[in-house]
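Content type compact mmCIF, N, CA, C and O atoms and all ligand atoms, from the file query.txt:
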```txt
# COMPACT_ATOMS: atom_id res chain seq x y z
N MET A 1 77.75 3.34 -148.42
CA MET A 1 78.52 4.58 -148.28
C MET A 1 80.01 4.30 -148.34
O MET A 1 80.77 5.04 -148.94
N GLY A 2 80.41 3.22 -147.70
CA GLY A 2 81.82 2.85 -147.72
C GLY A 2 82.29 2.56 -149.13
O GLY A 2 83.42 2.88 -149.51
N GLU A 3 81.40 1.96 -149.92
CA GLU A 3 81.74 1.65 -151.30
C GLU A 3 81.97 2.93 -152.10
O GLU A 3 82.90 3.02 -152.91
N PHE A 4 81.13 3.95 -151.87
CA PHE A 4 81.30 5.23 -152.55
C PHE A 4 82.65 5.82 -152.18
O PHE A 4 83.41 6.26 -153.03
N ARG A 5 82.89 5.82 -150.87
CA ARG A 5 84.12 6.42 -150.37
C ARG A 5 85.34 5.76 -151.00
O ARG A 5 86.25 6.42 -151.47
N ASP A 6 85.32 4.43 -151.03
CA ASP A 6 86.48 3.72 -151.56
C ASP A 6 86.63 3.89 -153.06
O ASP A 6 87.73 4.04 -153.57
N ALA A 7 85.49 3.90 -153.78
CA ALA A 7 85.56 4.01 -155.24
C ALA A 7 86.13 5.36 -155.65
O ALA A 7 86.83 5.48 -156.65
N LEU A 8 85.82 6.40 -154.87
CA LEU A 8 86.31 7.73 -155.21
C LEU A 8 87.60 8.08 -154.48
O LEU A 8 88.22 9.11 -154.74
N ASN A 9 87.97 7.22 -153.51
CA ASN A 9 89.15 7.46 -152.69
C ASN A 9 89.07 8.80 -151.97
O ASN A 9 89.98 9.63 -152.06
N VAL A 10 87.94 9.02 -151.29
CA VAL A 10 87.73 10.26 -150.53
C VAL A 10 87.29 9.89 -149.12
O VAL A 10 87.14 8.72 -148.81
N ASP A 11 87.10 10.90 -148.23
CA ASP A 11 86.48 10.58 -146.95
C ASP A 11 84.99 10.95 -147.03
O ASP A 11 84.53 11.52 -148.01
N CYS A 12 84.25 10.62 -145.97
CA CYS A 12 82.79 10.82 -145.98
C CYS A 12 82.43 12.28 -146.22
O CYS A 12 81.44 12.59 -146.87
N ASN A 13 83.24 13.18 -145.72
CA ASN A 13 82.94 14.60 -145.83
C ASN A 13 83.09 15.15 -147.24
O ASN A 13 82.72 16.29 -147.50
N TYR A 14 83.64 14.38 -148.13
CA TYR A 14 83.73 14.83 -149.51
C TYR A 14 82.34 15.14 -150.05
O TYR A 14 82.15 16.10 -150.79
N CYS A 15 81.36 14.33 -149.67
CA CYS A 15 79.97 14.56 -150.09
C CYS A 15 79.12 15.13 -148.97
O CYS A 15 78.16 15.84 -149.23
N HIS A 16 79.42 14.77 -147.73
CA HIS A 16 78.64 15.26 -146.59
C HIS A 16 79.39 16.43 -145.98
O HIS A 16 80.57 16.32 -145.69
N GLY A 17 78.69 17.56 -145.82
CA GLY A 17 79.35 18.78 -145.35
C GLY A 17 80.15 18.57 -144.08
O GLY A 17 79.65 17.97 -143.12
N GLY A 18 81.38 19.01 -144.02
CA GLY A 18 82.21 18.86 -142.84
C GLY A 18 81.66 19.66 -141.67
O GLY A 18 81.24 20.80 -141.85
N GLY A 19 81.64 19.07 -140.47
CA GLY A 19 81.21 19.78 -139.28
C GLY A 19 79.72 20.05 -139.20
O GLY A 19 79.25 20.72 -138.30
N ARG A 20 78.95 19.52 -140.14
CA ARG A 20 77.49 19.70 -140.10
C ARG A 20 76.82 18.32 -140.05
O ARG A 20 77.46 17.33 -140.37
N PRO A 21 75.53 18.32 -139.67
CA PRO A 21 74.86 17.02 -139.65
C PRO A 21 74.91 16.37 -141.05
O PRO A 21 74.90 17.07 -142.05
N GLN A 22 74.99 15.05 -141.06
CA GLN A 22 75.13 14.31 -142.30
C GLN A 22 74.00 14.60 -143.30
O GLN A 22 74.19 14.51 -144.49
N GLU A 23 72.82 14.98 -142.77
CA GLU A 23 71.65 15.17 -143.64
C GLU A 23 71.70 16.49 -144.40
O GLU A 23 70.94 16.69 -145.34
N VAL A 24 72.59 17.42 -143.98
CA VAL A 24 72.64 18.73 -144.62
C VAL A 24 72.94 18.56 -146.11
O VAL A 24 73.80 17.80 -146.51
N ASP A 25 72.17 19.30 -146.91
CA ASP A 25 72.14 19.02 -148.34
C ASP A 25 72.79 20.09 -149.19
O ASP A 25 72.40 20.29 -150.33
N ILE A 26 73.77 20.83 -148.66
CA ILE A 26 74.30 21.94 -149.43
C ILE A 26 75.43 21.53 -150.36
O ILE A 26 75.86 22.31 -151.17
N ASN A 27 75.93 20.31 -150.19
CA ASN A 27 77.09 19.93 -150.98
C ASN A 27 76.66 19.40 -152.35
O ASN A 27 75.99 18.38 -152.44
N PRO A 28 77.03 20.09 -153.42
CA PRO A 28 76.60 19.67 -154.76
C PRO A 28 77.10 18.27 -155.12
O PRO A 28 76.51 17.60 -155.96
N ARG A 29 78.17 17.84 -154.47
CA ARG A 29 78.69 16.51 -154.77
C ARG A 29 77.69 15.43 -154.38
O ARG A 29 77.62 14.36 -155.00
N LYS A 30 76.94 15.73 -153.32
CA LYS A 30 75.95 14.76 -152.87
C LYS A 30 74.86 14.59 -153.93
O LYS A 30 74.38 13.49 -154.18
N ASP A 31 74.52 15.72 -154.54
CA ASP A 31 73.51 15.69 -155.59
C ASP A 31 74.02 14.94 -156.82
O ASP A 31 73.29 14.16 -157.43
N ILE A 32 75.26 15.20 -157.16
CA ILE A 32 75.86 14.47 -158.28
C ILE A 32 75.89 12.98 -157.94
O ILE A 32 75.56 12.14 -158.78
N ALA A 33 76.22 12.67 -156.70
CA ALA A 33 76.27 11.26 -156.29
C ALA A 33 74.91 10.60 -156.46
O ALA A 33 74.81 9.45 -156.90
N ARG A 34 73.82 11.33 -156.14
CA ARG A 34 72.47 10.79 -156.35
C ARG A 34 72.24 10.45 -157.80
O ARG A 34 71.68 9.42 -158.12
N LYS A 35 72.68 11.35 -158.66
CA LYS A 35 72.49 11.11 -160.10
C LYS A 35 73.35 9.93 -160.54
O LYS A 35 72.95 9.15 -161.40
N MET A 36 74.52 9.81 -159.93
CA MET A 36 75.40 8.70 -160.26
C MET A 36 74.75 7.37 -159.86
O MET A 36 74.92 6.37 -160.55
N ILE A 37 74.03 7.39 -158.73
CA ILE A 37 73.34 6.16 -158.30
C ILE A 37 72.29 5.76 -159.34
O ILE A 37 72.19 4.60 -159.71
N MET A 38 71.56 6.74 -159.84
CA MET A 38 70.54 6.47 -160.87
C MET A 38 71.21 5.92 -162.13
O MET A 38 70.71 4.99 -162.76
N LEU A 39 72.34 6.54 -162.46
CA LEU A 39 73.09 6.13 -163.65
C LEU A 39 73.52 4.67 -163.52
O LEU A 39 73.32 3.87 -164.44
N VAL A 40 74.07 4.33 -162.35
CA VAL A 40 74.55 2.96 -162.13
C VAL A 40 73.38 1.97 -162.21
O VAL A 40 73.50 0.90 -162.79
N ARG A 41 72.23 2.36 -161.64
CA ARG A 41 71.05 1.49 -161.71
C ARG A 41 70.59 1.28 -163.14
O ARG A 41 70.21 0.19 -163.53
N GLN A 42 70.61 2.38 -163.88
CA GLN A 42 70.16 2.30 -165.26
C GLN A 42 71.08 1.40 -166.07
O GLN A 42 70.62 0.57 -166.83
N ILE A 43 72.37 1.59 -165.88
CA ILE A 43 73.33 0.76 -166.61
C ILE A 43 73.11 -0.70 -166.26
O ILE A 43 72.99 -1.55 -167.14
N ASN A 44 72.99 -1.00 -164.96
CA ASN A 44 72.87 -2.39 -164.55
C ASN A 44 71.57 -3.03 -165.04
O ASN A 44 71.54 -4.21 -165.36
N SER A 45 70.49 -2.23 -165.11
CA SER A 45 69.22 -2.81 -165.53
C SER A 45 69.22 -3.10 -167.03
O SER A 45 68.39 -3.85 -167.53
N ASN A 46 70.14 -2.49 -167.75
CA ASN A 46 70.24 -2.75 -169.19
C ASN A 46 71.44 -3.63 -169.55
O ASN A 46 71.67 -3.92 -170.72
N PHE A 47 72.19 -4.00 -168.52
CA PHE A 47 73.41 -4.76 -168.78
C PHE A 47 73.06 -6.18 -169.21
O PHE A 47 72.20 -6.81 -168.61
N PRO A 48 73.71 -6.71 -170.27
CA PRO A 48 73.38 -8.07 -170.75
C PRO A 48 73.48 -9.10 -169.64
O PRO A 48 74.46 -9.11 -168.90
N GLY A 49 72.44 -9.90 -169.49
CA GLY A 49 72.49 -11.04 -168.58
C GLY A 49 72.23 -10.72 -167.12
O GLY A 49 72.32 -11.59 -166.27
N THR A 50 71.88 -9.47 -166.79
CA THR A 50 71.59 -9.17 -165.39
C THR A 50 70.21 -8.55 -165.28
O THR A 50 69.61 -8.14 -166.26
N GLY A 51 69.68 -8.48 -164.07
CA GLY A 51 68.39 -7.86 -163.83
C GLY A 51 68.56 -6.55 -163.10
O GLY A 51 69.65 -6.01 -163.04
N VAL A 52 67.44 -6.06 -162.55
CA VAL A 52 67.51 -4.81 -161.78
C VAL A 52 67.82 -5.15 -160.34
O VAL A 52 67.23 -6.05 -159.76
N PHE A 53 68.76 -4.45 -159.73
CA PHE A 53 69.11 -4.65 -158.33
C PHE A 53 67.83 -4.62 -157.49
O PHE A 53 66.99 -3.78 -157.73
N PRO A 54 67.59 -5.48 -156.51
CA PRO A 54 68.52 -6.49 -156.02
C PRO A 54 68.38 -7.83 -156.72
O PRO A 54 68.95 -8.80 -156.24
N VAL A 55 67.66 -7.90 -157.85
CA VAL A 55 67.54 -9.16 -158.56
C VAL A 55 68.88 -9.51 -159.23
O VAL A 55 69.73 -10.04 -158.64
N GLY A 56 69.23 -9.07 -160.35
CA GLY A 56 70.43 -9.56 -161.03
C GLY A 56 71.73 -9.18 -160.33
O GLY A 56 71.74 -8.75 -159.18
N ASP A 57 72.81 -9.36 -161.03
CA ASP A 57 74.11 -8.98 -160.50
C ASP A 57 74.35 -7.50 -160.69
O ASP A 57 73.83 -6.90 -161.62
N GLN A 58 75.18 -6.96 -159.83
CA GLN A 58 75.59 -5.58 -159.97
C GLN A 58 76.85 -5.60 -160.82
O GLN A 58 77.96 -5.72 -160.31
N ALA A 59 76.68 -5.50 -162.15
CA ALA A 59 77.83 -5.64 -163.05
C ALA A 59 78.70 -4.38 -163.04
O ALA A 59 79.91 -4.46 -163.15
N VAL A 60 78.06 -3.23 -162.91
CA VAL A 60 78.78 -1.97 -162.94
C VAL A 60 78.61 -1.25 -161.60
O VAL A 60 77.51 -1.18 -161.07
N THR A 61 79.69 -0.78 -161.03
CA THR A 61 79.65 -0.06 -159.75
C THR A 61 80.36 1.29 -159.92
O THR A 61 80.89 1.58 -160.99
N CYS A 62 80.39 2.05 -158.86
CA CYS A 62 81.11 3.33 -158.89
C CYS A 62 82.57 3.10 -159.28
O CYS A 62 83.16 3.89 -160.02
N TRP A 63 83.11 2.01 -158.80
CA TRP A 63 84.52 1.70 -159.05
C TRP A 63 84.82 1.49 -160.53
O TRP A 63 85.91 1.82 -161.01
N THR A 64 83.83 0.96 -161.27
CA THR A 64 84.02 0.66 -162.70
C THR A 64 84.58 1.88 -163.43
O THR A 64 85.48 1.74 -164.27
N CYS A 65 84.07 3.05 -163.12
CA CYS A 65 84.56 4.26 -163.77
C CYS A 65 85.57 5.01 -162.91
O CYS A 65 86.58 5.48 -163.40
N HIS A 66 85.27 5.12 -161.62
CA HIS A 66 86.08 6.05 -160.81
C HIS A 66 87.48 5.52 -160.48
O HIS A 66 88.44 6.26 -160.52
N ARG A 67 87.58 4.25 -160.11
CA ARG A 67 88.89 3.65 -159.82
C ARG A 67 89.74 4.50 -158.90
O ARG A 67 90.92 4.77 -159.19
N GLY A 68 89.13 4.96 -157.82
CA GLY A 68 89.88 5.73 -156.85
C GLY A 68 90.15 7.16 -157.27
O GLY A 68 91.02 7.83 -156.71
N ASP A 69 89.40 7.65 -158.24
CA ASP A 69 89.59 9.02 -158.69
C ASP A 69 88.23 9.73 -158.65
O ASP A 69 87.24 9.19 -159.13
N THR A 70 88.17 10.94 -158.06
CA THR A 70 86.89 11.65 -158.03
C THR A 70 86.48 12.07 -159.42
O THR A 70 85.32 12.31 -159.68
N HIS A 71 87.43 12.15 -160.28
CA HIS A 71 87.18 12.78 -161.56
C HIS A 71 87.68 11.94 -162.72
O HIS A 71 88.74 12.24 -163.28
N PRO A 72 86.92 10.90 -163.09
CA PRO A 72 87.37 10.09 -164.22
C PRO A 72 87.48 10.98 -165.45
O PRO A 72 86.68 11.88 -165.63
N VAL A 73 88.46 10.73 -166.26
CA VAL A 73 88.67 11.56 -167.43
C VAL A 73 87.44 11.49 -168.34
O VAL A 73 86.95 10.43 -168.66
N SER A 74 86.92 12.67 -168.69
CA SER A 74 85.78 12.72 -169.59
C SER A 74 85.90 13.97 -170.43
O SER A 74 86.80 14.79 -170.24
N LEU A 75 84.98 14.14 -171.34
CA LEU A 75 85.08 15.29 -172.23
C LEU A 75 84.81 16.61 -171.53
O LEU A 75 85.46 17.60 -171.78
N SER A 76 83.83 16.61 -170.61
CA SER A 76 83.44 17.90 -170.04
C SER A 76 84.40 18.35 -168.94
O SER A 76 84.70 19.53 -168.81
N ASN A 77 84.86 17.39 -168.13
CA ASN A 77 85.77 17.69 -167.04
C ASN A 77 85.29 18.82 -166.14
O ASN A 77 86.05 19.72 -165.78
N LYS A 78 84.02 18.78 -165.78
CA LYS A 78 83.45 19.78 -164.90
C LYS A 78 83.70 19.36 -163.45
O LYS A 78 83.68 18.18 -163.14
N ARG A 79 83.94 20.34 -162.57
CA ARG A 79 84.10 20.04 -161.16
C ARG A 79 82.94 20.63 -160.37
O ARG A 79 82.40 21.65 -160.73
N TYR A 80 82.58 19.96 -159.26
CA TYR A 80 81.47 20.42 -158.45
C TYR A 80 82.02 20.79 -157.08
O TYR A 80 81.97 20.00 -156.15
N ASP A 81 82.56 21.97 -156.95
CA ASP A 81 83.15 22.39 -155.68
C ASP A 81 82.06 22.80 -154.70
O ASP A 81 81.09 23.44 -155.09
N PRO A 82 82.24 22.45 -153.43
CA PRO A 82 81.26 22.84 -152.42
C PRO A 82 81.37 24.34 -152.16
O PRO A 82 82.42 24.94 -152.40
N PRO A 83 80.28 24.93 -151.64
CA PRO A 83 80.34 26.36 -151.31
C PRO A 83 81.33 26.59 -150.19
O PRO A 83 81.61 25.69 -149.41
N ALA A 84 81.88 27.81 -150.06
CA ALA A 84 82.82 28.12 -148.99
C ALA A 84 82.15 27.91 -147.64
O ALA A 84 80.96 28.18 -147.50
N PRO A 85 82.88 27.38 -146.64
CA PRO A 85 82.28 27.11 -145.33
C PRO A 85 81.77 28.39 -144.68
O PRO A 85 82.38 29.45 -144.83
N LYS A 86 80.65 28.27 -143.94
CA LYS A 86 80.08 29.42 -143.20
C LYS A 86 80.99 29.78 -142.05
O LYS A 86 81.50 28.91 -141.35
N GLN A 87 81.19 31.08 -141.81
CA GLN A 87 82.03 31.50 -140.67
C GLN A 87 81.19 31.59 -139.43
O GLN A 87 80.07 32.01 -139.48
C1 LIG B 101 80.26 10.09 -153.25
C2 LIG B 101 79.47 10.83 -152.28
C3 LIG B 101 79.27 10.21 -150.88
C4 LIG B 101 80.24 9.73 -150.02
C5 LIG B 101 81.77 9.68 -150.23
C6 LIG B 101 79.55 9.31 -148.82
N1 LIG B 101 78.20 9.54 -148.96
FE1 LIG B 101 76.75 9.24 -147.53
N2 LIG B 101 75.29 9.77 -148.87
C7 LIG B 101 75.51 10.16 -150.17
C8 LIG B 101 74.22 10.26 -150.86
C9 LIG B 101 74.02 10.64 -152.31
C10 LIG B 101 73.22 9.90 -149.90
C11 LIG B 101 71.72 9.80 -150.13
C12 LIG B 101 71.07 11.11 -149.83
C13 LIG B 101 69.64 11.10 -150.31
O1 LIG B 101 69.40 10.86 -151.50
O2 LIG B 101 68.79 11.40 -149.48
C14 LIG B 101 73.92 9.62 -148.66
C15 LIG B 101 73.30 9.30 -147.45
C16 LIG B 101 73.96 9.10 -146.24
C17 LIG B 101 73.31 9.00 -144.94
C18 LIG B 101 71.81 9.12 -144.69
C19 LIG B 101 71.49 10.56 -144.32
C20 LIG B 101 71.50 11.47 -145.52
O3 LIG B 101 72.43 12.30 -145.62
O4 LIG B 101 70.60 11.36 -146.37
C21 LIG B 101 74.31 8.80 -144.01
C22 LIG B 101 74.15 8.66 -142.50
C23 LIG B 101 75.58 8.75 -144.74
N3 LIG B 101 75.33 8.96 -146.09
C24 LIG B 101 76.81 8.52 -144.15
C25 LIG B 101 78.01 8.42 -144.86
C26 LIG B 101 79.27 7.95 -144.29
C27 LIG B 101 79.46 7.52 -142.84
C28 LIG B 101 80.20 7.99 -145.29
C29 LIG B 101 81.67 7.54 -145.25
C30 LIG B 101 81.84 6.10 -145.05
C31 LIG B 101 79.53 8.51 -146.48
N4 LIG B 101 78.21 8.73 -146.18
C32 LIG B 101 80.17 8.75 -147.70
C33 LIG B 101 76.74 10.43 -150.75
C34 LIG B 101 77.98 10.08 -150.21
C1 LIG B 102 79.78 5.33 -166.25
C2 LIG B 102 80.91 5.89 -165.48
C3 LIG B 102 80.61 6.32 -164.05
C4 LIG B 102 80.04 5.59 -163.03
C5 LIG B 102 79.54 4.15 -163.06
C6 LIG B 102 80.03 6.46 -161.87
N1 LIG B 102 80.57 7.68 -162.20
FE1 LIG B 102 80.71 9.31 -160.92
N2 LIG B 102 81.53 10.41 -162.47
C7 LIG B 102 81.80 9.93 -163.74
C8 LIG B 102 82.39 10.99 -164.53
C9 LIG B 102 82.83 10.87 -166.00
C10 LIG B 102 82.44 12.15 -163.70
C11 LIG B 102 82.98 13.54 -164.05
C12 LIG B 102 81.78 14.30 -164.62
C13 LIG B 102 82.15 15.56 -165.38
O1 LIG B 102 83.28 15.67 -165.86
O2 LIG B 102 81.26 16.45 -165.44
C14 LIG B 102 81.90 11.74 -162.40
C15 LIG B 102 81.78 12.58 -161.30
C16 LIG B 102 81.32 12.20 -160.03
C17 LIG B 102 81.23 13.07 -158.88
C18 LIG B 102 81.61 14.58 -158.86
C19 LIG B 102 83.08 14.68 -158.47
C20 LIG B 102 83.56 16.11 -158.36
O3 LIG B 102 84.09 16.47 -157.30
O4 LIG B 102 83.41 16.88 -159.30
C21 LIG B 102 80.77 12.32 -157.84
C22 LIG B 102 80.53 12.79 -156.41
C23 LIG B 102 80.54 10.96 -158.36
N3 LIG B 102 80.88 10.94 -159.69
C24 LIG B 102 80.08 9.90 -157.60
C25 LIG B 102 79.79 8.63 -158.10
C26 LIG B 102 79.22 7.55 -157.31
C27 LIG B 102 78.86 7.63 -155.84
C28 LIG B 102 79.06 6.48 -158.17
C29 LIG B 102 78.42 5.12 -157.86
C30 LIG B 102 77.03 5.19 -157.35
C31 LIG B 102 79.54 6.89 -159.48
N4 LIG B 102 79.98 8.19 -159.39
C32 LIG B 102 79.53 6.08 -160.62
C33 LIG B 102 81.56 8.65 -164.22
C34 LIG B 102 80.94 7.63 -163.50
```
What is this file in C-alpha cells?
Ligand code: HEC
Ligand code: HEC
Amino acid sequence: MGEFRDALNVDCNYCHGGGRPQEVDINPRKDIARKMIMLVRQINSNFPGTGVFPVGDQAVTCWTCHRGDTHPVSLSNKRYDPPAPKQ
C-alpha cells in the first residue's frame, strides 16, 4: 500500500474513502487500482528475463509509469473522481 501511495504521490484516502472503514468500496480509484495491479502482473509475467511474481523480478511497478503523478500522460486522459461525500 505504501508503494502505491508513493508511486502516485497521494495519501491513503485517495483510494480508500475518507472517514469510512478502509474496506468500503465506493471509490472508483480503488477499482482502477485493482485493474492496475493486474496490468502490472501481466506486464511482469511477459517481461523478458523475469517470471511471475513472486518468482522472477518485479521489473515494472506503479512507479514505472506514475512517477509521483496520479495521471500519467496518456491519450484518453480520463479521470476517476470519487462520488460526493455523504452528508
Ligand atoms: C492507488 C490506490 C491505493 C492507495 C493509495 C492505497 N490503497 Fe489500500 N488498497 C487498494 C486496493 C486496490 C486494495 C485491494 C482491495 C481488494 O481488491 O480487495 C487495497 C487494500 C487495502 C486494505 C485491505 C482492506 C481492503 O480495503 O480491501 C487495507 C487495510 C489498505 N488497503 C490500507 C491502505 C493504507 C494504510 C494506505 C496508505 C499507506 C493505502 N491502503 C493506500 C488501493 C490503494
Ligand atoms: C503501464 C503504465 C502504468 C502502470 C505500470 C500503472 N499505471 Fe496507473 N495509470 C496509468 C495511466 C496511463 C493512467 C491514466 C488512465 C486514463 O487516462 O484513463 C493511470 C491511472 C491510474 C489511477 C486513476 C487515477 C485517477 O485519479 O484518475 C490509479 C488509481 C492508478 N493508475 C493506480 C495504479 C497503481 C496502484 C499501479 C501499480 C499497481 C499503477 N497504477 C500502475 C498507467 C499505469
query = Given the choices A:Ile43, A:Cys15, A:Ala7, A:Ile26, which gets closest to Asp57 of chain A if the distance is worked out from only C-alpha atoms?
reply =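 Comparing A:Ile43, A:Cys15, A:Ala7, A:Ile26 against Asp57 of chain A, the winner is A:Ile43.
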Within 12 Å of ligand LIG 102 (chain B), which residues of chain A come that close, and what is the closest atom pair and distance in Å for each? Count only C-alpha atoms and all ligand atoms and give it as a tab-separated table.
```
residue	atom	partner	partner_atom	distance
A:Met1	CA	B:LIG102	C27	8.2
A:Gly2	CA	B:LIG102	C27	9.9
A:Glu3	CA	B:LIG102	C27	8.0
A:Phe4	CA	B:LIG102	C27	4.7
A:Arg5	CA	B:LIG102	C27	7.7
A:Asp6	CA	B:LIG102	C27	9.6
A:Ala7	CA	B:LIG102	C28	7.5
A:Leu8	CA	B:LIG102	C24	7.0
A:Asn9	CA	B:LIG102	C24	10.6
A:Val10	CA	B:LIG102	C22	9.6
A:Asp11	CA	B:LIG102	C22	11.4
A:Cys12	CA	B:LIG102	C22	10.9
A:Asn13	CA	B:LIG102	C22	11.0
A:Tyr14	CA	B:LIG102	C22	7.9
A:Cys15	CA	B:LIG102	C22	6.6
A:His16	CA	B:LIG102	C22	10.3
A:Asn27	CA	B:LIG102	C22	9.6
A:Pro28	CA	B:LIG102	C22	8.1
A:Arg29	CA	B:LIG102	C22	4.5
A:Lys30	CA	B:LIG102	C22	6.1
A:Asp31	CA	B:LIG102	C22	7.6
A:Ile32	CA	B:LIG102	C22	5.3
A:Ala33	CA	B:LIG102	C24	4.3
A:Arg34	CA	B:LIG102	C27	7.1
A:Lys35	CA	B:LIG102	C30	8.0
A:Met36	CA	B:LIG102	C31	4.6
A:Ile37	CA	B:LIG102	C30	3.9
A:Met38	CA	B:LIG102	C30	7.5
A:Leu39	CA	B:LIG102	C5	6.8
A:Val40	CA	B:LIG102	C5	5.2
A:Arg41	CA	B:LIG102	C30	8.3
A:Gln42	CA	B:LIG102	C5	9.8
A:Ile43	CA	B:LIG102	C1	7.9
A:Asn44	CA	B:LIG102	C5	9.5
A:Gln58	CA	B:LIG102	C5	10.9
A:Ala59	CA	B:LIG102	C5	9.9
A:Val60	CA	B:LIG102	C5	6.2
A:Thr61	CA	B:LIG102	C5	5.4
A:Cys62	CA	B:LIG102	C29	3.4
A:Trp63	CA	B:LIG102	C32	6.8
A:Thr64	CA	B:LIG102	C5	5.7
A:Cys65	CA	B:LIG102	C2	4.3
A:His66	CA	B:LIG102	N1	5.9
A:Arg67	CA	B:LIG102	C6	9.5
A:Gly68	CA	B:LIG102	N4	10.5
A:Asp69	CA	B:LIG102	C19	8.6
A:Thr70	CA	B:LIG102	C19	4.9
A:His71	CA	B:LIG102	C11	4.9
A:Pro72	CA	B:LIG102	C9	4.9
A:Val73	CA	B:LIG102	C9	6.1
A:Ser74	CA	B:LIG102	C9	5.0
A:Leu75	CA	B:LIG102	O1	6.6
A:Ser76	CA	B:LIG102	O1	4.7
A:Asn77	CA	B:LIG102	O1	3.4
A:Lys78	CA	B:LIG102	O2	4.0
A:Arg79	CA	B:LIG102	O4	3.7
A:Tyr80	CA	B:LIG102	O4	4.1
A:Asp81	CA	B:LIG102	O3	6.2
A:Pro82	CA	B:LIG102	O3	8.5
```
message = Using only N, CA, C and O atoms and all ligand atoms for the distances, tell me which of A:Asp25, A:Ala84, A:Gly49, A:Gly56 is nearest to ligand LIG 101 (chain B).
response =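 The closest residue to ligand LIG 101 (chain B) is A:Asp25.
The two atoms in question, atom C4 of ligand LIG 101 (chain B) and atom N of Asn46 of chain A, are spaced 23.8 Å apart.
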request  = Go ahead and compute the interatomic distance for atom C7 of ligand LIG 101 (chain B) and atom CA of Lys86 of chain A, in Å to one decimal.
outcome  = 21.0 Å
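We find atom C6 of ligand LIG 101 (chain B) and atom CA of Val24 of chain A to be spaced 12.4 Å apart.
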